[in-house]
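As provided, work_32.cif (mmCIF, C-alpha atoms) reads as follows.
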```cif
data_coords
loop_
_atom_site.label_atom_id
_atom_site.label_comp_id
_atom_site.auth_asym_id
_atom_site.auth_seq_id
_atom_site.Cartn_x
_atom_site.Cartn_y
_atom_site.Cartn_z
CA MET A 1 -2.70 -10.79 -15.58
CA LEU A 2 -5.41 -9.63 -13.19
CA TYR A 3 -9.14 -10.24 -13.45
CA LYS A 4 -11.68 -8.80 -11.11
CA GLN A 5 -14.93 -10.71 -10.83
CA SER A 6 -18.16 -9.57 -9.20
CA ILE A 7 -19.81 -12.45 -7.42
CA ASP A 8 -22.88 -10.49 -6.41
CA THR A 9 -23.64 -6.86 -5.63
CA ASN A 10 -21.57 -6.88 -2.46
CA SER A 11 -18.66 -9.18 -3.10
CA GLU A 12 -15.83 -9.45 -5.56
CA ARG A 13 -12.75 -11.54 -6.04
CA TYR A 14 -9.51 -11.26 -7.95
CA PHE A 15 -7.77 -13.81 -10.14
CA PHE A 16 -4.08 -13.32 -10.81
CA LEU A 17 -1.01 -15.28 -11.75
CA ALA A 18 1.97 -15.66 -9.45
CA ASN A 19 5.25 -17.47 -9.83
CA LYS A 20 5.68 -20.00 -7.02
CA ARG A 21 9.44 -19.45 -7.06
CA ILE A 22 9.05 -15.81 -6.06
CA SER A 23 8.83 -15.61 -2.29
CA LYS A 24 8.20 -12.48 -0.27
CA LYS A 25 11.95 -12.10 0.14
CA GLY A 26 12.45 -12.50 -3.63
CA PHE A 27 9.69 -9.98 -4.28
CA LEU A 28 11.48 -7.40 -2.12
CA VAL A 29 14.77 -8.07 -3.89
CA LYS A 30 13.14 -7.62 -7.30
CA ALA A 31 11.42 -4.50 -6.02
CA LYS A 32 14.89 -3.13 -5.18
CA VAL A 33 14.08 -2.12 -1.63
CA ASN A 34 15.99 -2.72 1.56
CA SER A 35 13.94 -5.26 3.48
CA LYS A 36 15.20 -3.92 6.81
CA LEU A 37 14.12 -0.34 6.18
CA PHE A 38 10.77 1.43 5.79
CA ALA A 39 10.37 0.72 2.05
CA GLY A 40 10.88 -3.00 2.66
CA GLU A 41 8.40 -2.96 5.52
CA ILE A 42 5.76 -1.24 3.36
CA LEU A 43 6.24 -3.44 0.31
CA GLY A 44 6.25 -6.51 2.54
CA LYS A 45 2.89 -5.40 3.89
CA LEU A 46 1.58 -4.86 0.36
CA TYR A 47 2.86 -8.29 -0.71
CA ASP A 48 1.04 -9.81 2.27
CA CYS A 49 -2.07 -7.92 1.19
CA MET A 50 -1.87 -9.49 -2.29
CA MET A 51 -1.45 -12.97 -0.93
CA ALA A 52 -3.89 -12.71 1.98
CA GLU A 53 -6.40 -15.51 1.64
CA ALA A 54 -5.24 -16.21 -1.93
CA VAL A 55 -6.04 -19.77 -2.94
CA ASP A 56 -3.95 -21.72 -5.44
CA LEU A 57 -6.70 -22.98 -7.73
CA GLN A 58 -4.71 -25.80 -9.30
CA ASN A 59 -3.86 -27.09 -5.85
CA GLU A 60 -7.47 -26.77 -4.75
CA TYR A 61 -8.61 -28.66 -7.84
CA GLU A 62 -6.11 -31.50 -7.44
CA THR A 63 -6.70 -31.84 -3.70
CA PHE A 64 -10.47 -31.55 -3.48
CA HIS A 65 -12.25 -31.47 -6.81
CA ASN A 66 -10.69 -33.75 -9.39
CA ASP A 67 -13.39 -36.35 -8.88
CA GLU A 68 -16.10 -33.80 -9.30
CA TYR A 69 -14.72 -32.06 -12.42
CA PRO A 70 -12.91 -34.12 -15.07
CA THR A 71 -10.60 -31.25 -16.05
CA PHE A 72 -9.08 -28.17 -14.43
CA GLU A 73 -10.67 -26.04 -17.15
CA GLU A 74 -14.11 -27.34 -16.29
CA PHE A 75 -13.43 -26.68 -12.63
CA LEU A 76 -12.53 -23.04 -13.43
CA GLU A 77 -15.58 -22.65 -15.60
CA LYS A 78 -18.14 -24.25 -13.31
CA LYS A 79 -16.87 -23.57 -9.81
CA TYR A 80 -15.33 -20.16 -10.42
CA VAL A 81 -17.60 -19.08 -13.27
CA LEU A 82 -14.69 -17.96 -15.42
CA ARG A 83 -15.37 -17.39 -19.09
CA LYS A 84 -13.90 -19.84 -21.57
CA LYS A 85 -11.87 -17.06 -23.18
CA ARG A 86 -10.26 -16.25 -19.83
CA ILE A 87 -9.62 -19.91 -19.12
CA LEU A 88 -7.79 -20.25 -22.42
CA ILE A 89 -5.58 -17.30 -21.56
CA ILE A 90 -4.87 -18.71 -18.09
CA LYS A 91 -4.12 -22.13 -19.59
CA ARG A 92 -1.73 -20.56 -22.09
CA TYR A 93 0.19 -18.81 -19.30
CA LEU A 94 0.32 -21.96 -17.18
CA SER A 95 1.55 -24.09 -20.07
CA CYS A 96 4.33 -21.61 -20.88
CA ASN A 97 5.74 -21.55 -17.38
CA ARG A 98 5.30 -24.47 -15.00
CA ASN A 99 6.17 -22.25 -12.02
CA LEU A 100 3.13 -20.08 -12.57
CA ARG A 101 -0.01 -20.70 -10.58
CA ILE A 102 -3.42 -19.12 -10.77
CA LEU A 103 -4.58 -17.60 -7.51
CA CYS A 104 -8.00 -16.45 -6.44
CA ARG A 105 -8.36 -13.94 -3.65
CA PRO A 106 -11.54 -12.46 -2.19
CA ALA A 107 -11.80 -8.68 -2.21
CA HIS A 108 -11.83 -6.90 1.15
CA ALA A 109 -9.77 -9.66 2.76
CA TYR A 110 -7.15 -7.34 4.23
CA ASP A 111 -6.36 -3.69 4.83
CA TYR A 112 -8.69 -1.74 2.54
CA ALA A 113 -6.24 1.07 1.69
CA ALA A 114 -3.48 -1.45 0.90
CA GLU A 115 -5.87 -3.43 -1.30
CA ARG A 116 -6.80 -0.29 -3.25
CA LEU A 117 -3.13 0.35 -3.90
CA VAL A 118 -2.31 -3.20 -4.99
CA PHE A 119 -5.37 -3.95 -7.13
CA TYR A 120 -6.66 -0.57 -8.35
CA ASP A 121 -3.91 2.00 -8.47
CA LYS A 122 -1.64 2.56 -11.46
CA LEU A 123 1.00 0.68 -9.45
CA SER A 124 -1.06 -2.49 -9.77
CA PRO A 125 0.75 -3.76 -12.93
CA MET A 126 4.03 -3.51 -11.03
CA PHE A 127 2.74 -5.76 -8.25
CA ILE A 128 1.26 -8.28 -10.68
CA GLY A 129 4.34 -8.16 -12.91
CA LEU A 130 6.72 -8.78 -10.03
CA VAL A 131 4.86 -11.73 -8.54
CA MET A 132 4.63 -13.25 -12.01
CA GLY A 133 8.35 -12.81 -12.41
CA ARG A 134 8.00 -10.53 -15.42
CA ARG A 135 10.71 -8.18 -16.47
CA LYS A 136 8.34 -5.79 -18.18
CA TYR A 137 5.02 -4.62 -16.82
CA GLU A 138 1.66 -4.07 -18.42
CA ASN A 139 0.83 -0.40 -18.46
CA LYS A 140 -2.65 -0.52 -19.85
CA ASN A 141 -5.69 -2.69 -19.23
CA ARG A 142 -4.39 -3.29 -15.75
CA PHE A 143 -7.35 -5.45 -14.95
CA ARG A 144 -10.31 -6.69 -16.84
CA ASN A 145 -13.69 -7.12 -15.31
CA GLU A 146 -14.82 -10.68 -15.57
CA MET B 147 -35.43 15.18 6.61
CA LYS B 148 -33.05 14.31 3.79
CA ILE B 149 -32.31 10.71 2.93
CA LYS B 150 -29.12 9.96 1.04
CA THR B 151 -29.55 6.94 -1.17
CA ASP B 152 -26.21 6.88 -2.97
CA PHE B 153 -22.75 5.98 -1.63
CA VAL B 154 -21.90 7.63 1.67
CA THR B 155 -18.21 8.45 1.81
CA ASN B 156 -16.01 9.47 4.66
CA SER B 157 -12.66 11.17 4.40
CA SER B 158 -10.14 12.32 6.88
CA SER B 159 -6.69 13.71 7.41
CA THR B 160 -4.01 12.68 9.84
CA SER B 161 -1.14 14.70 11.27
CA PHE B 162 2.58 14.06 11.33
CA ILE B 163 5.67 15.67 12.82
CA VAL B 164 9.07 15.92 11.15
CA ILE B 165 12.27 16.88 12.97
CA THR B 166 15.18 17.86 10.75
CA GLU B 167 18.76 18.78 11.51
CA SER B 168 18.31 22.01 9.61
CA ALA B 169 15.61 23.65 7.52
CA LYS B 170 17.06 22.37 4.23
CA VAL B 171 17.91 18.80 5.10
CA PHE B 172 14.65 17.09 4.13
CA SER B 173 15.49 16.47 0.49
CA ARG B 174 14.04 13.87 -1.87
CA ASP B 175 17.39 12.09 -2.13
CA SER B 176 17.90 11.87 1.61
CA PHE B 177 14.33 10.65 2.06
CA LEU B 178 14.60 7.91 -0.58
CA GLN B 179 17.91 6.79 0.86
CA ALA B 180 16.52 6.73 4.40
CA VAL B 181 13.50 4.63 3.46
CA GLY B 182 15.71 2.20 1.57
CA VAL B 183 14.42 2.33 -2.00
CA ASP B 184 16.68 2.13 -5.01
CA LYS B 185 16.09 4.87 -7.60
CA GLU B 186 15.71 2.09 -10.20
CA SER B 187 12.90 0.43 -8.25
CA VAL B 188 9.59 0.00 -10.10
CA PHE B 189 7.98 1.28 -6.91
CA ILE B 190 9.91 4.53 -6.78
CA GLU B 191 6.67 6.45 -7.41
CA LEU B 192 5.18 5.09 -4.20
CA PHE B 193 7.90 6.69 -2.09
CA ASP B 194 8.26 9.74 -4.31
CA THR B 195 4.58 10.47 -3.80
CA LEU B 196 4.90 9.99 -0.05
CA TYR B 197 7.85 12.40 0.00
CA GLU B 198 5.92 14.99 -2.02
CA SER B 199 2.85 14.60 0.18
CA LEU B 200 4.91 15.09 3.34
CA GLU B 201 7.11 17.87 2.03
CA SER B 202 4.31 19.91 0.46
CA SER B 203 2.31 20.01 3.67
CA MET B 204 5.14 20.68 6.15
CA GLU B 205 4.88 23.96 8.08
CA PRO B 206 6.91 25.25 11.03
CA PHE B 207 5.65 23.30 14.02
CA ARG B 208 4.65 26.06 16.43
CA ASP B 209 2.56 27.97 13.87
CA ALA B 210 0.97 24.84 12.45
CA CYS B 211 0.22 23.49 15.89
CA MET B 212 -1.33 26.69 17.23
CA HIS B 213 -3.65 26.98 14.27
CA HIS B 214 -4.49 23.31 13.91
CA ARG B 215 -8.25 22.75 13.85
CA TRP B 216 -7.98 19.98 16.44
CA ASN B 217 -6.02 22.18 18.85
CA LYS B 218 -9.04 23.86 20.37
CA ASP B 219 -7.19 25.03 23.50
CA SER B 220 -4.25 26.47 21.48
CA ASN B 221 -2.02 24.42 23.75
CA CYS B 222 0.71 22.66 21.76
CA GLU B 223 1.88 20.44 24.61
CA LYS B 224 -1.60 19.10 25.33
CA PHE B 225 -2.29 18.71 21.62
CA VAL B 226 0.89 16.71 20.89
CA VAL B 227 0.63 14.59 24.03
CA ASP B 228 -3.03 13.80 23.27
CA ILE B 229 -2.51 12.66 19.71
CA PHE B 230 1.11 11.42 19.67
CA GLY B 231 2.10 10.84 23.29
CA GLN B 232 4.48 12.32 25.86
CA GLY B 233 7.52 10.77 24.17
CA LEU B 234 7.16 12.87 21.05
CA TRP B 235 6.57 16.06 23.04
CA ASP B 236 9.83 15.45 24.94
CA LYS B 237 11.58 14.80 21.63
CA ILE B 238 10.26 18.08 20.19
CA LEU B 239 11.44 20.09 23.21
CA LEU B 240 14.88 18.49 23.01
CA ALA B 241 15.09 19.11 19.24
CA GLU B 242 14.19 22.78 19.67
CA LYS B 243 16.79 23.10 22.41
CA GLU B 244 19.42 21.59 20.12
CA GLY B 245 18.54 24.03 17.31
CA LYS B 246 16.86 21.47 15.10
CA THR B 247 13.82 22.35 13.01
CA VAL B 248 10.43 20.90 13.83
CA TRP B 249 7.67 20.72 11.24
CA MET B 250 4.08 19.66 11.24
CA GLY B 251 1.82 18.59 8.39
CA SER B 252 -1.02 16.34 7.44
CA LEU B 253 -1.86 13.59 4.99
CA SER B 254 -5.30 13.34 3.47
CA SER B 255 -7.40 10.39 2.43
CA ASP B 256 -8.95 12.57 -0.30
CA GLN B 257 -5.85 12.74 -2.44
CA THR B 258 -4.18 9.94 -4.44
CA GLU B 259 -4.51 6.24 -3.59
CA ILE B 260 -0.90 6.44 -2.41
CA GLU B 261 -1.45 9.35 -0.01
CA SER B 262 -4.66 7.74 1.15
CA PHE B 263 -2.77 4.53 1.98
CA PHE B 264 -0.16 6.39 4.03
CA CYS B 265 -2.82 8.59 5.62
CA VAL B 266 -4.26 5.57 7.42
CA LEU B 267 -0.94 3.86 8.13
CA PRO B 268 0.81 4.68 11.42
CA PHE B 269 4.57 4.90 10.86
CA ARG B 270 7.84 6.32 12.09
CA ILE B 271 10.99 6.87 10.03
CA ASN B 272 14.13 7.42 12.03
CA ASP B 273 17.16 8.58 10.09
CA LYS B 274 20.32 10.46 11.06
CA ALA B 275 19.16 13.55 9.18
CA PHE B 276 15.49 13.51 10.11
CA TYR B 277 12.79 11.88 12.21
CA ILE B 278 9.21 11.43 11.07
CA ASP B 279 6.42 10.52 13.45
CA ALA B 280 3.17 9.72 11.67
CA THR B 281 1.78 7.49 14.39
CA ASN B 282 -1.33 9.62 14.56
CA ASP B 283 -2.25 8.04 11.22
CA GLY B 284 -4.82 5.32 11.29
CA TRP B 285 -8.51 5.09 11.89
#
```

Encoding of this model in structure tokens:
Amino acid sequence: MLYKQSIDTNSERYFFLANKRISKKGFLVKAKVNSKLFAGEILGKLYDCMMAEAVDLQNEYETFHNDEYPTFEEFLEKKYVLRKKRILIIKRYLSCNRNLRILCRPAHAYDYAAERLVFYDKLSPMFIGLVMGRRKYENKNRFRNE
Amino acid sequence: MKIKTDFVTNSSSTSFIVITESAKVFSRDSFLQAVGVDKESVFIELFDTLYESLESSMEPFRDACMHHRWNKDSNCEKFVVDIFGQGLWDKILLAEKEGKTVWMGSLSSDQTEIESFFCVLPFRINDKAFYIDATNDGW
């Protein structure tokens, strides 16, 4: 699951789910690349690109905003301007798997070419699928504009 | 005077050198094995595309170098030393002396997202069967 949201004309951010039990090392294992060789180095860099400046929203809510917003859903709706429909989908994912977390990452936070590959290219569902811990990957609707 | 009001884009290409044991040794299988990707990997396309981008642009080094648009003096030594460094020039001379094959090619930022990514990424791949120096890559 990957949503891209335009904040204003010049800035965007991504929302995606990641499984907290999948580390960078685990990602490389699931990607079936040798972490000591070139493929491992490249995919490690792309993993870092995904996670660069990504904020765990549940953690942010519980640490800083639970006085301000009575529920996590309200926090997502009011602070991150996510639509209710999206919030329901996110909530459904989170309730199905307690290891999943919803991350928010600003666009243009890292290497531009790497970001294009991870969030725009047809390989994007593979990246999202692997960090979510999925066995199958979405091939269509790779991201929805928020 | 013309004023462009839409997006202004910039594209580029970067050069690389490949040294192979013989003219036929740079195969897809040897490349995928050298980079360390399993053929069952969901990211196989990433490395397949890189291989195809490299392989399809490789030309015999001396010809490619002499006619390269950046090599204004038609001097291969100066050209290689300027963009890759003395170390690679020494490696090329040694490879030619040992009967290895030296190739040159370029990656473009105008092609796929994958080629564009590798076009701006400096890298070296050192394998028993081949050596790739793409350290010229990067803006």

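Using only C-alpha atoms, the nearest neighbour of chain A within the list B:Asp209, B:Glu167, B:Asp279, B:Asp184 is B:Asp184.
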
Spatial neighbours of Ala241 of chain B, max dist 12 Å, all atoms listed in the file, sep filter under 3 positions, as a ChimeraX atom specification: /B:163-168,207,234-238,244-249,276-277

Select, from B:Pro206, B:Gly182, B:Ser157, B:Asn282, the residue with the minimum atom-to-atom distance to Ser255 of chain B, counting all atoms listed in the file. B:Ser157

What's the separation between atom CA of Arg174 of chain B and atom CA of Pro268 of chain B, in Å to one decimal place?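 Between these atoms lies a distance of 20.9 Å.
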
Do me a favour and pick out the residues of chain A within 12 Å of chain B, using all atoms listed in the file, as a PyMOL selection string. chain A and resi 27-43+45-46+111-130+134-137

Taking the file as shown, find all residues satisfying the PyMOL selection byres ((chain A and resi 76) around 12) and write them as a tab-separated table (two decimals) with C-alpha atoms, in the frame of the given file.
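Dumped to part-v7.tsv:
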```
chain	number	residue	atom	x	y	z
A	15	PHE	CA	-7.77	-13.81	-10.14
A	56	ASP	CA	-3.95	-21.72	-5.44
A	57	LEU	CA	-6.70	-22.98	-7.73
A	58	GLN	CA	-4.71	-25.80	-9.30
A	60	GLU	CA	-7.47	-26.77	-4.75
A	61	TYR	CA	-8.61	-28.66	-7.84
A	65	HIS	CA	-12.25	-31.47	-6.81
A	66	ASN	CA	-10.69	-33.75	-9.39
A	69	TYR	CA	-14.72	-32.06	-12.42
A	70	PRO	CA	-12.91	-34.12	-15.07
A	71	THR	CA	-10.60	-31.25	-16.05
A	72	PHE	CA	-9.08	-28.17	-14.43
A	73	GLU	CA	-10.67	-26.04	-17.15
A	74	GLU	CA	-14.11	-27.34	-16.29
A	75	PHE	CA	-13.43	-26.68	-12.63
A	77	GLU	CA	-15.58	-22.65	-15.60
A	78	LYS	CA	-18.14	-24.25	-13.31
A	79	LYS	CA	-16.87	-23.57	-9.81
A	80	TYR	CA	-15.33	-20.16	-10.42
A	81	VAL	CA	-17.60	-19.08	-13.27
A	82	LEU	CA	-14.69	-17.96	-15.42
A	83	ARG	CA	-15.37	-17.39	-19.09
A	84	LYS	CA	-13.90	-19.84	-21.57
A	85	LYS	CA	-11.87	-17.06	-23.18
A	86	ARG	CA	-10.26	-16.25	-19.83
A	87	ILE	CA	-9.62	-19.91	-19.12
A	88	LEU	CA	-7.79	-20.25	-22.42
A	90	ILE	CA	-4.87	-18.71	-18.09
A	91	LYS	CA	-4.12	-22.13	-19.59
A	102	ILE	CA	-3.42	-19.12	-10.77
A	103	LEU	CA	-4.58	-17.60	-7.51
A	104	CYS	CA	-8.00	-16.45	-6.44
```

Extending 5 Å beyond the listed atoms of segment 267-276 of chain B on each side, what axis-aligned box results? I want centre and edge lengths in Å to one decimal, as lines of an AutoDock Vina configuration file.
```
center_x = 9.7
center_y = 8.7
center_z = 10.1
size_x = 31.3
size_y = 19.7
size_z = 14.0
```

One decimal place gives the atom CA of Gln257 of chain B-atom CA of Ala52 of chain A separation as 25.9 Å

For a test of reading the model, state the distance in Å between atom CA of Arg13 of chain A and atom CA of Arg101 of chain A, rounded to one decimal. 16.3 Å

Residue with smallest distance to Met1 of chain A - pool A:Pro106, A:Gly44, A:Gly26, A:Gly133, counting all atoms listed in the file: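 Closest to Met1 of chain A of all the choices is A:Gly133.
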
Let me know the residues the PyMOL selection byres ((chain B and resi 158) around 8) catches in the file above, as a list in words. Asn156, Ser157, Ser159, Thr160, Ser254, Ser255 and Asp256 of chain B

Just checking: using only C-alpha atoms, which residue out of A:Met50, A:Ala107, A:Val131, A:Leu17 ends up closest to Leu94 of chain A?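 Ranked by minimum distance to Leu94 of chain A, first place goes to A:Leu17.
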
Near Met204 of chain B, within 7 Å and counting only C-alpha atoms, which residues show up once chain neighbours fewer than 2 positions away are dropped, as an MDAnalysis selection string? chainID B and resid 200:202 206 249:251

Just C-alpha atoms for this one: save the residues we selected as a short mmCIF file (atom, residue, chain, number, x, y, z; two decimals), in the frame of the given file.
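File written: selection.cif
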```
data_model
loop_
_atom_site.label_atom_id
_atom_site.label_comp_id
_atom_site.auth_asym_id
_atom_site.auth_seq_id
_atom_site.Cartn_x
_atom_site.Cartn_y
_atom_site.Cartn_z
CA LEU B 200 4.91 15.09 3.34
CA GLU B 201 7.11 17.87 2.03
CA SER B 202 4.31 19.91 0.46
CA PRO B 206 6.91 25.25 11.03
CA TRP B 249 7.67 20.72 11.24
CA MET B 250 4.08 19.66 11.24
CA GLY B 251 1.82 18.59 8.39
#
```

N, CA and C atoms are needed for segment 103-124 of chain A; please write them out as a compact mmCIF listing (two decimals), keeping the file's coordinate frame.
```
# COMPACT_ATOMS: atom_id res chain seq x y z
N LEU A 103 -4.08 -17.80 -8.86
CA LEU A 103 -4.58 -17.60 -7.51
C LEU A 103 -5.92 -16.86 -7.55
N CYS A 104 -6.73 -17.16 -6.59
CA CYS A 104 -8.00 -16.45 -6.44
C CYS A 104 -8.04 -15.87 -5.03
N ARG A 105 -8.37 -14.61 -4.96
CA ARG A 105 -8.36 -13.94 -3.65
C ARG A 105 -9.63 -13.12 -3.49
N PRO A 106 -10.33 -13.28 -2.38
CA PRO A 106 -11.54 -12.46 -2.19
C PRO A 106 -11.17 -10.99 -1.99
N ALA A 107 -12.02 -10.11 -2.48
CA ALA A 107 -11.80 -8.68 -2.21
C ALA A 107 -12.13 -8.41 -0.75
N HIS A 108 -11.60 -7.33 -0.23
CA HIS A 108 -11.83 -6.90 1.15
C HIS A 108 -11.37 -7.94 2.17
N ALA A 109 -10.26 -8.62 1.85
CA ALA A 109 -9.77 -9.66 2.76
C ALA A 109 -8.72 -9.09 3.70
N TYR A 110 -8.30 -7.87 3.48
CA TYR A 110 -7.15 -7.34 4.23
C TYR A 110 -7.38 -5.84 4.38
N ASP A 111 -6.32 -5.14 4.70
CA ASP A 111 -6.36 -3.69 4.83
C ASP A 111 -6.93 -3.06 3.55
N TYR A 112 -8.00 -2.29 3.70
CA TYR A 112 -8.69 -1.74 2.54
C TYR A 112 -7.80 -0.80 1.72
N ALA A 113 -7.08 0.10 2.41
CA ALA A 113 -6.24 1.07 1.69
C ALA A 113 -5.11 0.35 0.93
N ALA A 114 -4.55 -0.69 1.56
CA ALA A 114 -3.48 -1.45 0.90
C ALA A 114 -4.05 -2.18 -0.33
N GLU A 115 -5.24 -2.71 -0.18
CA GLU A 115 -5.87 -3.43 -1.30
C GLU A 115 -6.14 -2.49 -2.48
N ARG A 116 -6.57 -1.28 -2.19
CA ARG A 116 -6.80 -0.29 -3.25
C ARG A 116 -5.50 -0.05 -4.02
N LEU A 117 -4.43 0.05 -3.27
CA LEU A 117 -3.13 0.35 -3.90
C LEU A 117 -2.67 -0.82 -4.77
N VAL A 118 -2.83 -2.02 -4.27
CA VAL A 118 -2.31 -3.20 -4.99
C VAL A 118 -3.19 -3.56 -6.19
N PHE A 119 -4.49 -3.46 -6.06
CA PHE A 119 -5.37 -3.95 -7.13
C PHE A 119 -6.03 -2.86 -7.98
N TYR A 120 -5.98 -1.61 -7.57
CA TYR A 120 -6.66 -0.57 -8.35
C TYR A 120 -5.74 0.53 -8.86
N ASP A 121 -4.75 0.86 -8.12
CA ASP A 121 -3.91 2.00 -8.47
C ASP A 121 -3.08 1.71 -9.72
N LYS A 122 -2.49 2.76 -10.27
CA LYS A 122 -1.64 2.56 -11.46
C LYS A 122 -0.40 1.74 -11.13
N LEU A 123 -0.13 1.55 -9.83
CA LEU A 123 1.00 0.68 -9.45
C LEU A 123 0.65 -0.80 -9.57
N SER A 124 -0.62 -1.09 -9.73
CA SER A 124 -1.06 -2.49 -9.77
C SER A 124 -0.28 -3.37 -10.76
```
